[in-house]
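Structure file final03.csv (CSV, C-alpha atoms) is printed below.
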chain,number,residue,atom,x,y,z
C,72,MET,CA,0.0,0.0,0.0
C,73,ARG,CA,2.8,2.5,0.9
C,74,ASP,CA,4.6,1.6,-2.3
C,75,ASP,CA,1.5,2.6,-4.3
C,76,LEU,CA,1.3,5.9,-2.5
C,77,ALA,CA,4.9,6.6,-3.0
C,78,THR,CA,4.5,5.8,-6.7
C,79,MET,CA,1.5,8.1,-7.0
C,80,LEU,CA,3.4,10.8,-5.2
C,81,CYS,CA,6.4,10.5,-7.5
C,82,LYS,CA,4.2,10.6,-10.6
C,83,ARG,CA,2.4,13.7,-9.3
C,84,VAL,CA,5.7,15.5,-8.5
C,85,ALA,CA,7.1,14.5,-11.9
C,86,MET,CA,4.0,15.9,-13.6
C,87,GLU,CA,4.2,19.2,-11.6
C,88,ILE,CA,8.0,19.5,-12.4
C,89,LYS,CA,7.3,19.0,-16.1
C,90,LYS,CA,4.5,21.6,-16.1
C,91,ALA,CA,6.7,24.1,-14.2
C,92,LYS,CA,9.5,23.6,-16.7
C,93,GLU,CA,7.2,24.2,-19.6
C,94,GLU,CA,5.9,27.4,-17.9
C,95,LEU,CA,9.4,28.6,-17.3
C,96,GLU,CA,10.3,28.1,-20.9
C,97,GLU,CA,7.2,30.1,-22.0
C,98,ILE,CA,8.2,32.9,-19.6
C,99,ARG,CA,11.8,32.9,-20.9
C,100,LEU,CA,10.5,33.2,-24.5
C,101,ALA,CA,8.2,36.0,-23.6
C,102,GLU,CA,11.0,37.8,-21.8
C,103,ARG,CA,13.4,37.3,-24.7
C,104,GLU,CA,10.9,38.9,-27.1
C,105,ILE,CA,10.5,41.9,-24.7
C,106,VAL,CA,14.3,42.3,-24.4
C,107,GLU,CA,14.8,42.1,-28.1
C,108,ALA,CA,12.1,44.7,-28.7
C,109,LEU,CA,13.7,47.0,-26.0
C,110,ILE,CA,17.1,46.6,-27.5
C,111,GLY,CA,15.8,47.5,-31.0
C,112,ASN,CA,14.0,50.5,-29.6
C,113,TYR,CA,17.1,51.6,-27.6
C,114,ARG,CA,19.3,51.2,-30.7
C,115,THR,CA,16.8,53.4,-32.7
C,116,VAL,CA,16.8,56.0,-30.0
C,117,LEU,CA,20.6,56.1,-29.8
C,118,LYS,CA,20.9,56.3,-33.6
C,119,ASN,CA,18.5,59.3,-33.7
C,120,ILE,CA,19.9,61.1,-30.7
C,121,ASP,CA,23.5,61.4,-31.9
C,122,ALA,CA,24.1,60.3,-35.5
C,123,ASP,CA,27.9,60.9,-35.2
C,124,GLY,CA,28.3,59.7,-31.6
C,125,PRO,CA,30.0,56.6,-30.1
C,126,ALA,CA,26.9,54.5,-30.4
C,127,GLN,CA,26.8,55.0,-34.2
C,128,ALA,CA,30.5,54.3,-34.4
C,129,ALA,CA,30.1,51.1,-32.4
C,130,LEU,CA,27.3,50.0,-34.7
C,131,GLU,CA,29.4,50.6,-37.8
C,132,ARG,CA,32.3,48.7,-36.2
C,133,ALA,CA,29.9,45.8,-35.3
C,134,ALA,CA,28.5,45.8,-38.9
C,135,GLY,CA,32.1,45.7,-40.3
C,136,MET,CA,33.1,42.8,-38.0
C,137,THR,CA,29.9,40.9,-38.9
C,138,ALA,CA,30.7,41.4,-42.6
C,139,GLU,CA,34.2,40.1,-42.0
C,140,ALA,CA,33.0,37.1,-40.2
C,141,VAL,CA,30.5,36.2,-42.9
C,142,LYS,CA,33.2,36.6,-45.5
C,143,ALA,CA,35.6,34.4,-43.5
C,144,LEU,CA,32.9,31.7,-43.1
C,145,ASP,CA,31.7,31.8,-46.7
C,146,GLY,CA,34.2,29.3,-48.1
C,147,LEU,CA,34.1,26.8,-45.2
C,148,ASP,CA,32.9,23.2,-45.9
C,149,GLU,CA,30.5,22.2,-43.3
C,150,ALA,CA,31.1,18.5,-43.9
C,151,ALA,CA,34.9,18.8,-43.4
C,152,PRO,CA,36.3,17.0,-40.4
C,153,VAL,CA,37.3,19.1,-37.4
C,154,GLU,CA,41.1,19.1,-36.9
C,155,ALA,CA,42.5,19.3,-33.3
Written as structure tokens, how would this file's structure read?
Amino acid sequence: MRDDLATMLCKRVAMEIKKAKEELEEIRLAEREIVEALIGNYRTVLKNIDADGPAQAALERAAGMTAEAVKALDGLDEAAPVEA
């Protein structure tokens, strides 16, 4: 009898943990969307406040670095083995 109660308790706790993890993931996704929107708005505000300021210079440097990274990765073979 106690084994059955213990099994039922374990199943109930496992179900609650699974539900809590799913809820947490939903919250994380919602928070990520909010943060991305805030960053986009902040970037727009900074760009419009000081077109020649440090934020614009950093944005240009980041765009240049991204372009260099894309250029460097362009010719890589994804199927090639990794060398140590």
Mind checking which residues fall within 12 Å of stretch 115-118 of chain C, counting all atoms listed in the file, ignoring those fewer than 4 positions away in the same chain, and posting them as a PyMOL selection string? chain C and resi 108-111+122-131
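Of note, atom CA of C:Ala134 and atom CA of C:Gly146 are spaced 19.7 Å apart.
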Could you jot down the atom CA of C:Glu93 to atom CA of C:Asn112 separation for me, Å, one decimal place? 28.9 Å
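A straight line drawn from atom CA of C:Met86 to atom CA of C:Glu104 is 27.5 Å long.
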